[in-house]
>>> print(open('entry-v5.txt').read())   # compact mmCIF, C-alpha atoms
# COMPACT_ATOMS: atom_id res chain seq x y z
CA MET R 1 0.00 0.00 0.00
CA THR R 2 3.00 2.28 0.53
CA VAL R 3 6.20 2.85 -1.38
CA HIS R 4 9.54 4.17 -0.20
CA GLN R 5 10.44 7.72 -1.09
CA LEU R 6 13.79 9.44 -0.82
CA SER R 7 13.80 12.98 0.55
CA ILE R 8 17.04 14.75 -0.28
CA PHE R 9 18.01 18.10 1.19
CA LEU R 10 19.89 20.18 -1.35
CA GLU R 11 21.59 23.51 -1.12
CA ASN R 12 20.22 25.90 -3.75
CA ARG R 13 23.38 26.18 -5.79
CA SER R 14 24.59 24.92 -9.12
CA GLY R 15 25.67 21.28 -9.24
CA THR R 16 24.01 19.88 -6.13
CA LEU R 17 21.12 18.20 -7.94
CA VAL R 18 23.28 16.81 -10.73
CA LYS R 19 25.58 15.21 -8.12
CA VAL R 20 22.63 13.26 -6.70
CA LEU R 21 21.29 12.27 -10.10
CA LYS R 22 24.73 11.17 -11.29
CA LEU R 23 25.24 8.98 -8.21
CA LEU R 24 21.96 7.20 -8.96
CA LYS R 25 22.71 6.98 -12.68
CA ASP R 26 26.14 5.46 -12.07
CA GLN R 27 24.52 2.71 -9.98
CA GLY R 28 21.81 1.96 -12.55
CA ILE R 29 18.95 3.19 -10.38
CA GLN R 30 15.94 4.31 -12.43
CA LEU R 31 13.96 7.37 -11.38
CA ILE R 32 10.22 6.80 -11.57
CA ALA R 33 9.07 10.21 -10.30
CA SER R 34 10.60 13.25 -8.66
CA THR R 35 9.63 16.66 -7.42
CA ILE R 36 11.52 19.56 -5.89
CA ALA R 37 10.18 22.10 -3.41
CA ASP R 38 12.50 24.98 -2.61
CA THR R 39 13.09 27.67 -0.04
CA ALA R 40 15.56 30.55 -0.32
CA GLU R 41 18.60 28.46 0.60
CA TYR R 42 17.61 24.79 0.40
CA GLY R 43 15.39 22.50 -1.60
CA ILE R 44 13.80 19.17 -0.85
CA CYS R 45 13.97 16.73 -3.71
CA ARG R 46 11.57 13.82 -3.36
CA ILE R 47 12.27 10.76 -5.49
CA ILE R 48 10.48 7.50 -6.17
CA CYS R 49 12.97 5.11 -7.77
CA SER R 50 13.51 1.49 -8.73
CA GLU R 51 15.66 0.57 -5.69
CA PRO R 52 14.96 3.05 -2.90
CA VAL R 53 16.78 1.30 -0.05
CA ARG R 54 19.94 0.83 -2.12
CA ALA R 55 19.64 4.42 -3.39
CA PHE R 56 19.36 5.64 0.21
CA ASP R 57 22.54 3.78 1.18
CA ILE R 58 24.45 5.08 -1.86
CA LEU R 59 23.46 8.70 -1.22
CA ARG R 60 24.05 8.52 2.53
CA ASP R 61 27.49 6.96 2.01
CA ALA R 62 28.30 9.80 -0.40
CA GLY R 63 27.52 12.38 2.30
CA VAL R 64 24.17 13.46 0.90
CA ALA R 65 21.54 14.54 3.45
CA VAL R 66 18.85 11.99 2.65
CA SER R 67 15.98 10.30 4.46
CA LEU R 68 13.76 7.39 3.52
CA CYS R 69 10.06 7.36 4.31
CA GLU R 70 6.89 5.63 3.23
CA VAL R 71 4.27 7.38 1.12
CA PHE R 72 1.05 6.16 -0.44
CA ALA R 73 0.81 5.37 -4.13
CA LEU R 74 -2.66 5.18 -5.63
CA GLU R 75 -3.43 4.08 -9.16
CA LEU R 76 -6.16 6.10 -10.85
CA ASP R 77 -7.91 5.93 -14.19
CA ASP R 78 -6.52 8.51 -16.59
CA GLU R 79 -9.66 10.65 -16.59
CA PRO R 80 -10.24 14.25 -15.53
CA GLY R 81 -11.20 14.57 -11.88
CA ARG R 82 -9.99 11.20 -10.60
CA ALA R 83 -7.36 12.82 -8.34
CA ALA R 84 -10.01 15.16 -6.92
CA ASP R 85 -12.29 12.19 -6.26
CA ALA R 86 -9.56 10.28 -4.44
CA ILE R 87 -8.40 13.21 -2.33
CA GLY R 88 -12.02 14.06 -1.58
CA ILE R 89 -12.41 10.68 0.10
CA PHE R 90 -9.51 11.43 2.45
CA ALA R 91 -10.78 14.96 3.14
CA ALA R 92 -14.23 13.59 4.04
CA GLU R 93 -12.50 11.38 6.61
CA GLY R 94 -10.70 14.38 8.13
CA LEU R 95 -7.25 13.43 6.81
CA SER R 96 -4.84 16.16 5.78
CA ILE R 97 -2.47 15.72 2.87
CA ALA R 98 1.03 16.96 3.75
CA TYR R 99 2.16 16.90 0.11
CA LEU R 100 1.22 15.26 -3.14
CA TYR R 101 2.55 14.76 -6.64
CA SER R 102 1.23 12.81 -9.56
CA PHE R 103 2.22 11.48 -12.95
CA LEU R 104 0.99 9.24 -15.75
CA LEU R 105 2.52 5.82 -16.22
CA ASN R 106 1.41 3.33 -18.87
CA GLY R 107 -2.02 4.92 -19.27
CA LYS R 108 -2.76 5.14 -15.55
CA GLY R 109 -2.58 8.06 -13.18
CA VAL R 110 -0.33 7.61 -10.16
CA LEU R 111 -0.92 9.74 -7.09
CA ILE R 112 1.88 9.87 -4.51
CA PHE R 113 1.07 11.50 -1.19
CA ARG R 114 1.86 11.67 2.48
CA THR R 115 -0.81 12.23 5.10
CA ASP R 116 -0.94 13.21 8.75
CA ASN R 117 -2.25 9.78 9.82
CA ALA R 118 -0.91 6.79 7.90
CA ASP R 119 -2.91 4.19 9.83
CA LYS R 120 -6.20 5.97 9.16
CA ALA R 121 -5.21 6.44 5.50
CA ARG R 122 -4.66 2.67 5.17
CA ASP R 123 -8.09 2.06 6.62
CA VAL R 124 -9.69 4.59 4.25
CA ILE R 125 -7.98 2.98 1.25
CA LYS R 126 -9.24 -0.47 2.27
CA ARG R 127 -12.80 0.62 3.09
CA ASN R 128 -13.14 2.54 -0.16
CA THR R 129 -11.40 -0.14 -2.24
CA LEU R 130 -9.02 2.39 -3.71
CA SER R 131 -6.44 0.89 -6.04
CA PHE R 132 -2.95 1.17 -4.56
CA ILE R 133 0.39 0.22 -6.03
CA PRO R 134 2.63 -2.01 -3.91
CA GLU R 135 6.31 -1.08 -4.11
CA LYS R 136 7.19 -4.44 -5.68
CA ASP R 137 4.87 -3.62 -8.60
CA LEU R 138 5.86 0.02 -9.15
CA SER R 139 9.02 -0.63 -11.13
CA LYS R 140 7.21 -3.30 -13.17
CA LEU R 141 5.11 -0.48 -14.63
CA LEU R 142 8.17 1.10 -16.27
>>> encode(input="entry-v5.txt", output="structure tokens")
Amino acid sequence: MTVHQLSIFLENRSGTLVKVLKLLKDQGIQLIASTIADTAEYGICRIICSEPVRAFDILRDAGVAVSLCEVFALELDDEPGRAADAIGIFAAEGLSIAYLYSFLLNGKGVLIFRTDNADKARDVIKRNTLSFIPEKDLSKLL
């Protein structure tokens, strides 16, 4: 029901992002999705990749400020409004979404998000029979 996500803290200066991407490239780790949120001095790069635990070890060993956490990955039909429908279910249950990003993969929408209550989110997903993507299946979609 959840997938591992890397959160990488980057200084906002030339070359810091490419260093991270090159480390992953050199080890044959495939990026599936990524997003960057920035502040004046630092950015947070969030990455879903083919081998998140190995990627975490590689980046940490290279001195990169990285953390590994679990986020939810829902599979949606590629139709307008499906993300709104899914998030509406969580909102109706009183769950807040800390952050979210989405992408299309093989004709399906993928919604990645983190919420303020993971246990309740799992329950909501089960009760509403929402389609989730297990981590073992995510890289098979590539």
>>> atom_distance(input="entry-v5.txt", atom1="atom CA of R:Ile8", atom2="atom CA of R:Gly43")
8.0 Å
>>> closest_residue(input="entry-v5.txt", among="R:Phe113, R:Phe103, R:Phe9, R:Phe132", to="R:Asp78", atoms="all atoms listed in the file")
R:Phe103
>>> atom_distance(input="entry-v5.txt", atom1="atom CA of R:Glu51", atom2="atom CA of R:Tyr99")
22.0 Å
>>> closest_atom_pairs(input="entry-v5.txt", of="stretch 45-83 of chain R", to="stretch 20-41 of chain R", cutoff="9 Å", atoms="only C-alpha atoms", output="Markdown table")
| residue | atom | partner | partner_atom | distance |
| --- | --- | --- | --- | --- |
| R:Cys45 | CA | R:Ile36 | CA | 4.3 |
| R:Arg46 | CA | R:Thr35 | CA | 5.3 |
| R:Ile47 | CA | R:Ser34 | CA | 4.4 |
| R:Ile48 | CA | R:Ala33 | CA | 5.1 |
| R:Cys49 | CA | R:Leu31 | CA | 4.4 |
| R:Ser50 | CA | R:Gln30 | CA | 5.2 |
| R:Glu51 | CA | R:Ile29 | CA | 6.3 |
| R:Pro52 | CA | R:Ile29 | CA | 8.5 |
| R:Arg54 | CA | R:Ile29 | CA | 8.6 |
| R:Ala55 | CA | R:Leu24 | CA | 6.6 |
| R:Ile58 | CA | R:Leu23 | CA | 7.5 |
| R:Leu59 | CA | R:Val20 | CA | 7.2 |
| R:Ala62 | CA | R:Leu23 | CA | 8.4 |
| R:Val64 | CA | R:Val20 | CA | 7.8 |
>>> atom_distance(input="entry-v5.txt", atom1="atom CA of R:Ala73", atom2="atom CA of R:Leu111")
5.6 Å
>>> closest_residue(input="entry-v5.txt", among="R:Val18, R:Ile89, R:Ala65, R:Val110", to="R:Lys126", atoms="all atoms listed in the file")
R:Ile89
>>> closest_residue(input="entry-v5.txt", among="R:Asn128, R:Gln5, R:Thr16, R:Ser96", to="R:Ser67", atoms="all atoms listed in the file")
R:Gln5
>>> closest_atom_pairs(input="entry-v5.txt", of="stretch 77-141 of chain R", to="stretch 1-4 of chain R", cutoff="10 Å", atoms="only C-alpha atoms", output="CSV")
residue,atom,partner,partner_atom,distance
R:Ile112,CA,R:Val3,CA,8.8
R:Phe113,CA,R:Thr2,CA,9.6
R:Arg114,CA,R:Thr2,CA,9.7
R:Ala118,CA,R:Thr2,CA,9.5
R:Ala121,CA,R:Met1,CA,9.9
R:Arg122,CA,R:Met1,CA,7.5
R:Ile125,CA,R:Met1,CA,8.6
R:Lys126,CA,R:Met1,CA,9.5
R:Ser131,CA,R:Met1,CA,8.9
R:Phe132,CA,R:Met1,CA,5.6
R:Ile133,CA,R:Met1,CA,6.0
R:Pro134,CA,R:Met1,CA,5.1
R:Glu135,CA,R:Val3,CA,4.8
R:Lys136,CA,R:Val3,CA,8.5
R:Asp137,CA,R:Val3,CA,9.8
R:Leu138,CA,R:Val3,CA,8.3
>>> residues_around(input="entry-v5.txt", residues="R:Tyr42", least_positions_apart="6", cutoff="7 Å", atoms="all atoms listed in the file", output="compact mmCIF listing (two decimals) with C-alpha atoms, keeping the file's coordinate frame")
# COMPACT_ATOMS: atom_id res chain seq x y z
CA PHE R 9 18.01 18.10 1.19
CA LEU R 10 19.89 20.18 -1.35
CA GLU R 11 21.59 23.51 -1.12
CA ASN R 12 20.22 25.90 -3.75
>>> closest_residue(input="entry-v5.txt", among="R:Ser7, R:Ser102, R:Ser14, R:Thr129", to="R:Glu70", atoms="all atoms listed in the file")
R:Ser7
>>> axis_aligned_box(input="entry-v5.txt", around="stretch 55-63 of chain R", padding_each_side="6 Å", output="JSON")
{"center_x": 23.8, "center_y": 8.1, "center_z": -0.4, "size_x": 20.9, "size_y": 20.6, "size_z": 17.9}
>>> closest_residue(input="entry-v5.txt", among="R:Leu74, R:Gly15, R:Leu130, R:Asn117", to="R:Leu100", atoms="only C-alpha atoms")
R:Leu74
